[in-house]
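What follows is a single structure, written as structure tokens, with notes after it.
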Amino acid sequence: MNYSLTVLDWYAIAPGMNHAEAWNAWASLPDFMGFSGEIEKSQRIPMMSARRMSPVSRIAVEAGLALLEKHQIARAVFTSRHGELERTYKILQILAQEQQVSPTDFSMSVHNTAAGWLTITAKNPLPVTSLAAGKDSFQQGLIEARAMLSADEGEKVLLVDFDGVVPELYGNDFAQEYAPYCVALVLTLGEQFTCRRSGEASEEPVPQSLSFLRNFLLNNKTFCIAGEVGQWQWNRKD
């Protein structure tokens with residue numbers, strides 16, 4: 001599989017990483033470093049809406065809104081390996097105690113919660129797709145975005161990849177030191193990046209979108225992103 005696209009803009013949020021300068025400094029470190037600190041309060045989401053969102057949905061919506069302010073977006077793709085798992089785990093705990101589940105928690109526990117909140121908060125009924133493909137969620141989201149761009153040539157697609165903290169009970173291999181996080185990209189047709197799938201196995205604990213962002217900020221011409229059963233090889237020409 002081979003495809004190409006161009007990244008027009010980006011926005012990312014993680015604990016202690018609220019500005020482009022912090023992300024550039026993080027990318028320049030010799031090794032991948034986890035995040036620590038606080039996430040700034042949203043400047044774009046109304047307070048009553050923010051209170052109803054989970055922390056991970058809040059940063060996903062915030063990043064999406066930041067890019068919608070700057071670009072005319074035709075479609076959007078949201079990708080997340082675990083989605084609203086923290087909220088779902090809370091519901092399961094309440095059910096195990098034979099107590100009543102909050103209607104808000106129940107209605108906000110679906111995988112496309114953040115996508116729905118973005119269109120509501122932005123008052124923009126743009127078509128949105130939500131995807132989950134395990135470790136490869138970000139890469140599969142890029143393929144979905146590329147397909148959208150083929151259908152709407154000349155348009156821009158917003159890709160928002162995010163994940164929160166995974167409850168310890170699940171014993172997941174997800175790197176908790178990078179959670180919660182969100183990486184949002186504005187994509188269009190072009191030849192800036194080309195990607196192809198390789199069958200060679202590789203290991204990397206960093207979520208795919210964070211790995212991509214780091215290489216993007218470093219202006220690396222070639223790099224690989226680890227996948228579920230192989231890796232994704234990227235080439236850049238500006």
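Following the order of the structure tokens, first chain is A, next is B, and so on, with residues numbered from 1 inside each chain and ligands from 1 in the order they appear.
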Contact residues around Gly164 of chain A with only C-alpha atoms at 12 Å, ignoring same-chain residues under 6 positions, as a compact mmCIF listing (two decimals) with N, CA, C and O atoms, in the first residue's frame:
# COMPACT_ATOMS: atom_id res chain seq x y z
N ILE A 13 -1.84 18.55 22.31
CA ILE A 13 -2.04 18.82 23.73
C ILE A 13 -1.64 17.59 24.53
O ILE A 13 -1.97 16.46 24.16
N ALA A 14 -0.94 17.81 25.62
CA ALA A 14 -0.59 16.75 26.57
C ALA A 14 -0.24 17.44 27.89
O ALA A 14 -0.06 18.67 27.92
N PRO A 15 -0.14 16.71 29.00
CA PRO A 15 0.22 17.34 30.27
C PRO A 15 1.55 18.10 30.18
O PRO A 15 2.57 17.55 29.78
N SER A 54 -15.21 14.04 29.25
CA SER A 54 -14.10 13.40 29.93
C SER A 54 -12.83 14.20 29.62
O SER A 54 -12.80 14.96 28.64
N PRO A 55 -11.78 14.04 30.41
CA PRO A 55 -10.55 14.80 30.13
C PRO A 55 -10.02 14.57 28.72
O PRO A 55 -9.56 15.51 28.07
N VAL A 56 -10.08 13.33 28.23
CA VAL A 56 -9.51 13.05 26.91
C VAL A 56 -10.38 13.62 25.79
O VAL A 56 -9.87 14.11 24.79
N SER A 57 -11.69 13.60 25.95
CA SER A 57 -12.57 14.22 24.96
C SER A 57 -12.36 15.73 24.94
O SER A 57 -12.39 16.36 23.88
N ARG A 58 -12.12 16.29 26.11
CA ARG A 58 -11.94 17.73 26.20
C ARG A 58 -10.72 18.18 25.40
O ARG A 58 -10.79 19.18 24.66
N ILE A 59 -9.60 17.48 25.51
CA ILE A 59 -8.42 17.91 24.77
C ILE A 59 -8.58 17.63 23.27
O ILE A 59 -8.07 18.39 22.44
N ALA A 60 -9.30 16.55 22.92
CA ALA A 60 -9.53 16.26 21.50
C ALA A 60 -10.38 17.35 20.86
O ALA A 60 -10.10 17.82 19.75
N SER A 80 -8.85 6.81 17.88
CA SER A 80 -8.47 6.57 19.27
C SER A 80 -8.42 5.06 19.50
O SER A 80 -9.34 4.34 19.11
N ARG A 81 -7.36 4.62 20.12
CA ARG A 81 -7.22 3.20 20.42
C ARG A 81 -8.22 2.77 21.49
O ARG A 81 -8.78 1.69 21.41
N HIS A 82 -8.44 3.63 22.50
CA HIS A 82 -9.27 3.24 23.64
C HIS A 82 -10.52 4.09 23.83
O HIS A 82 -11.41 3.70 24.59
N GLY A 83 -10.61 5.22 23.17
CA GLY A 83 -11.80 6.04 23.27
C GLY A 83 -12.14 6.44 24.69
O GLY A 83 -11.29 6.91 25.45
N GLU A 84 -13.40 6.21 25.07
CA GLU A 84 -13.90 6.60 26.39
C GLU A 84 -13.75 5.46 27.41
O GLU A 84 -14.65 5.21 28.22
N LEU A 85 -12.61 4.78 27.40
CA LEU A 85 -12.44 3.62 28.27
C LEU A 85 -12.50 3.99 29.75
O LEU A 85 -13.03 3.22 30.56
N GLU A 86 -11.99 5.15 30.11
CA GLU A 86 -12.06 5.57 31.51
C GLU A 86 -13.51 5.70 31.98
O GLU A 86 -13.87 5.27 33.09
N ARG A 87 -14.34 6.27 31.14
CA ARG A 87 -15.75 6.44 31.50
C ARG A 87 -16.46 5.09 31.51
O ARG A 87 -17.29 4.82 32.38
N PHE A 174 -0.27 -0.26 26.72
CA PHE A 174 -0.26 1.15 26.33
C PHE A 174 0.65 1.94 27.27
O PHE A 174 0.62 1.77 28.49
N ALA A 175 1.50 2.79 26.69
CA ALA A 175 2.48 3.56 27.46
C ALA A 175 1.78 4.69 28.22
O ALA A 175 1.46 5.73 27.65
N GLN A 176 1.56 4.49 29.51
CA GLN A 176 0.80 5.45 30.30
C GLN A 176 1.51 6.79 30.46
O GLN A 176 0.87 7.80 30.72
N GLU A 177 2.85 6.80 30.31
CA GLU A 177 3.57 8.06 30.49
C GLU A 177 3.28 9.07 29.39
O GLU A 177 3.67 10.23 29.48
N TYR A 178 2.58 8.62 28.34
CA TYR A 178 2.22 9.53 27.25
C TYR A 178 0.73 9.88 27.26
O TYR A 178 0.23 10.44 26.28
N ALA A 179 0.03 9.54 28.30
CA ALA A 179 -1.42 9.78 28.34
C ALA A 179 -1.77 10.77 29.45
O ALA A 179 -1.11 10.79 30.49
N PRO A 180 -2.81 11.57 29.23
CA PRO A 180 -3.58 11.69 27.98
C PRO A 180 -2.82 12.55 26.97
O PRO A 180 -1.94 13.33 27.32
N TYR A 181 -3.19 12.40 25.71
CA TYR A 181 -2.56 13.19 24.66
C TYR A 181 -3.55 13.36 23.51
O TYR A 181 -4.50 12.60 23.36
N CYS A 182 -3.28 14.35 22.68
CA CYS A 182 -4.05 14.54 21.45
C CYS A 182 -3.14 15.19 20.41
O CYS A 182 -2.42 16.13 20.73
N PRO A 207 2.81 6.20 21.21
CA PRO A 207 1.67 6.21 20.29
C PRO A 207 2.06 6.74 18.91
O PRO A 207 2.91 7.63 18.78
Which of segment 2-194 of chain A DSSP labels helix (DSSP H, G or I), written as a ChimeraX atom specification:
/A:20-28,47-52,55-68,85-96,103-107,113-122,137-151,168-170,176-178
Show me, as a list in words, the residues that have an atom within 8 Å of segment 4-8 of chain A when counting only C-alpha atoms, minus same-chain residues fewer than 4 positions from it.
Arg146, Leu185, Val186, Leu187, Thr188, Leu189, Gly190, Glu191, Gln192, Phe193, Thr194 and Cys195 of chain A
Considering only C-alpha atoms, can you say which of A:Thr79, A:Asn24, A:Ser42, A:Thr119 comes closest to Val183 of chain A?
A:Thr79
Test item: residues at most 10 Å from Glu203 of chain A, only C-alpha atoms, excluding those fewer than 2 positions along its chain, as number ranges by chain
A: 201, 205-206, 225-231
So that I have them on file, write out the residues from the current selection with all heavy atoms, as a JSON list (two decimals), in the first residue's frame.
[["chain", "number", "residue", "atom", "x", "y", "z"],
["A", 201, "ALA", "N", 8.85, -6.38, 11.33],
["A", 201, "ALA", "CA", 8.36, -6.13, 12.68],
["A", 201, "ALA", "C", 9.22, -5.06, 13.36],
["A", 201, "ALA", "O", 10.42, -4.94, 13.09],
["A", 201, "ALA", "CB", 8.39, -7.42, 13.50],
["A", 205, "PRO", "N", 7.15, 2.03, 22.04],
["A", 205, "PRO", "CA", 6.07, 2.24, 23.00],
["A", 205, "PRO", "C", 5.26, 3.52, 22.78],
["A", 205, "PRO", "O", 4.18, 3.67, 23.33],
["A", 205, "PRO", "CB", 6.80, 2.28, 24.34],
["A", 205, "PRO", "CG", 8.15, 2.83, 23.99],
["A", 205, "PRO", "CD", 8.47, 2.26, 22.63],
["A", 206, "VAL", "N", 5.80, 4.42, 21.97],
["A", 206, "VAL", "CA", 5.15, 5.72, 21.79],
["A", 206, "VAL", "C", 3.95, 5.60, 20.86],
["A", 206, "VAL", "O", 4.02, 4.94, 19.83],
["A", 206, "VAL", "CB", 6.16, 6.72, 21.21],
["A", 206, "VAL", "CG1", 5.54, 8.11, 21.10],
["A", 206, "VAL", "CG2", 7.41, 6.77, 22.05],
["A", 225, "ILE", "N", 7.28, 4.19, 11.62],
["A", 225, "ILE", "CA", 6.36, 4.17, 12.75],
["A", 225, "ILE", "C", 5.92, 2.73, 12.97],
["A", 225, "ILE", "O", 5.46, 2.06, 12.04],
["A", 225, "ILE", "CB", 5.15, 5.08, 12.50],
["A", 225, "ILE", "CG1", 5.60, 6.54, 12.43],
["A", 225, "ILE", "CG2", 4.10, 4.91, 13.59],
["A", 225, "ILE", "CD1", 4.49, 7.52, 12.17],
["A", 226, "ALA", "N", 6.08, 2.25, 14.19],
["A", 226, "ALA", "CA", 5.75, 0.87, 14.51],
["A", 226, "ALA", "C", 4.26, 0.62, 14.42],
["A", 226, "ALA", "O", 3.45, 1.46, 14.81],
["A", 226, "ALA", "CB", 6.25, 0.53, 15.91],
["A", 227, "GLY", "N", 3.89, -0.55, 13.88],
["A", 227, "GLY", "CA", 2.50, -0.95, 13.77],
["A", 227, "GLY", "C", 2.22, -2.22, 14.54],
["A", 227, "GLY", "O", 3.10, -2.74, 15.25],
["A", 228, "GLU", "N", 1.04, -2.74, 14.38],
["A", 228, "GLU", "CA", 0.62, -3.94, 15.12],
["A", 228, "GLU", "C", 1.43, -5.16, 14.69],
["A", 228, "GLU", "O", 1.88, -5.95, 15.53],
["A", 228, "GLU", "CB", -0.86, -4.20, 14.87],
["A", 228, "GLU", "CG", -1.50, -5.18, 15.84],
["A", 228, "GLU", "CD", -1.72, -4.58, 17.22],
["A", 228, "GLU", "OE1", -2.23, -3.45, 17.32],
["A", 228, "GLU", "OE2", -1.36, -5.27, 18.19],
["A", 229, "VAL", "N", 1.62, -5.32, 13.39],
["A", 229, "VAL", "CA", 2.33, -6.50, 12.89],
["A", 229, "VAL", "C", 3.50, -6.14, 11.98],
["A", 229, "VAL", "O", 4.15, -7.02, 11.43],
["A", 229, "VAL", "CB", 1.37, -7.45, 12.13],
["A", 229, "VAL", "CG1", 0.33, -8.01, 13.07],
["A", 229, "VAL", "CG2", 0.70, -6.74, 10.97],
["A", 230, "GLY", "N", 3.78, -4.89, 11.80],
["A", 230, "GLY", "CA", 4.86, -4.46, 10.93],
["A", 230, "GLY", "C", 5.19, -3.01, 11.21],
["A", 230, "GLY", "O", 5.09, -2.56, 12.36],
["A", 231, "GLN", "N", 5.55, -2.26, 10.21],
["A", 231, "GLN", "CA", 5.83, -0.86, 10.40],
["A", 231, "GLN", "C", 5.41, -0.07, 9.17],
["A", 231, "GLN", "O", 5.21, -0.62, 8.09],
["A", 231, "GLN", "CB", 7.30, -0.62, 10.71],
["A", 231, "GLN", "CG", 8.26, -1.06, 9.63],
["A", 231, "GLN", "CD", 9.71, -0.86, 10.04],
["A", 231, "GLN", "OE1", 9.99, -0.30, 11.09],
["A", 231, "GLN", "NE2", 10.63, -1.29, 9.21]]
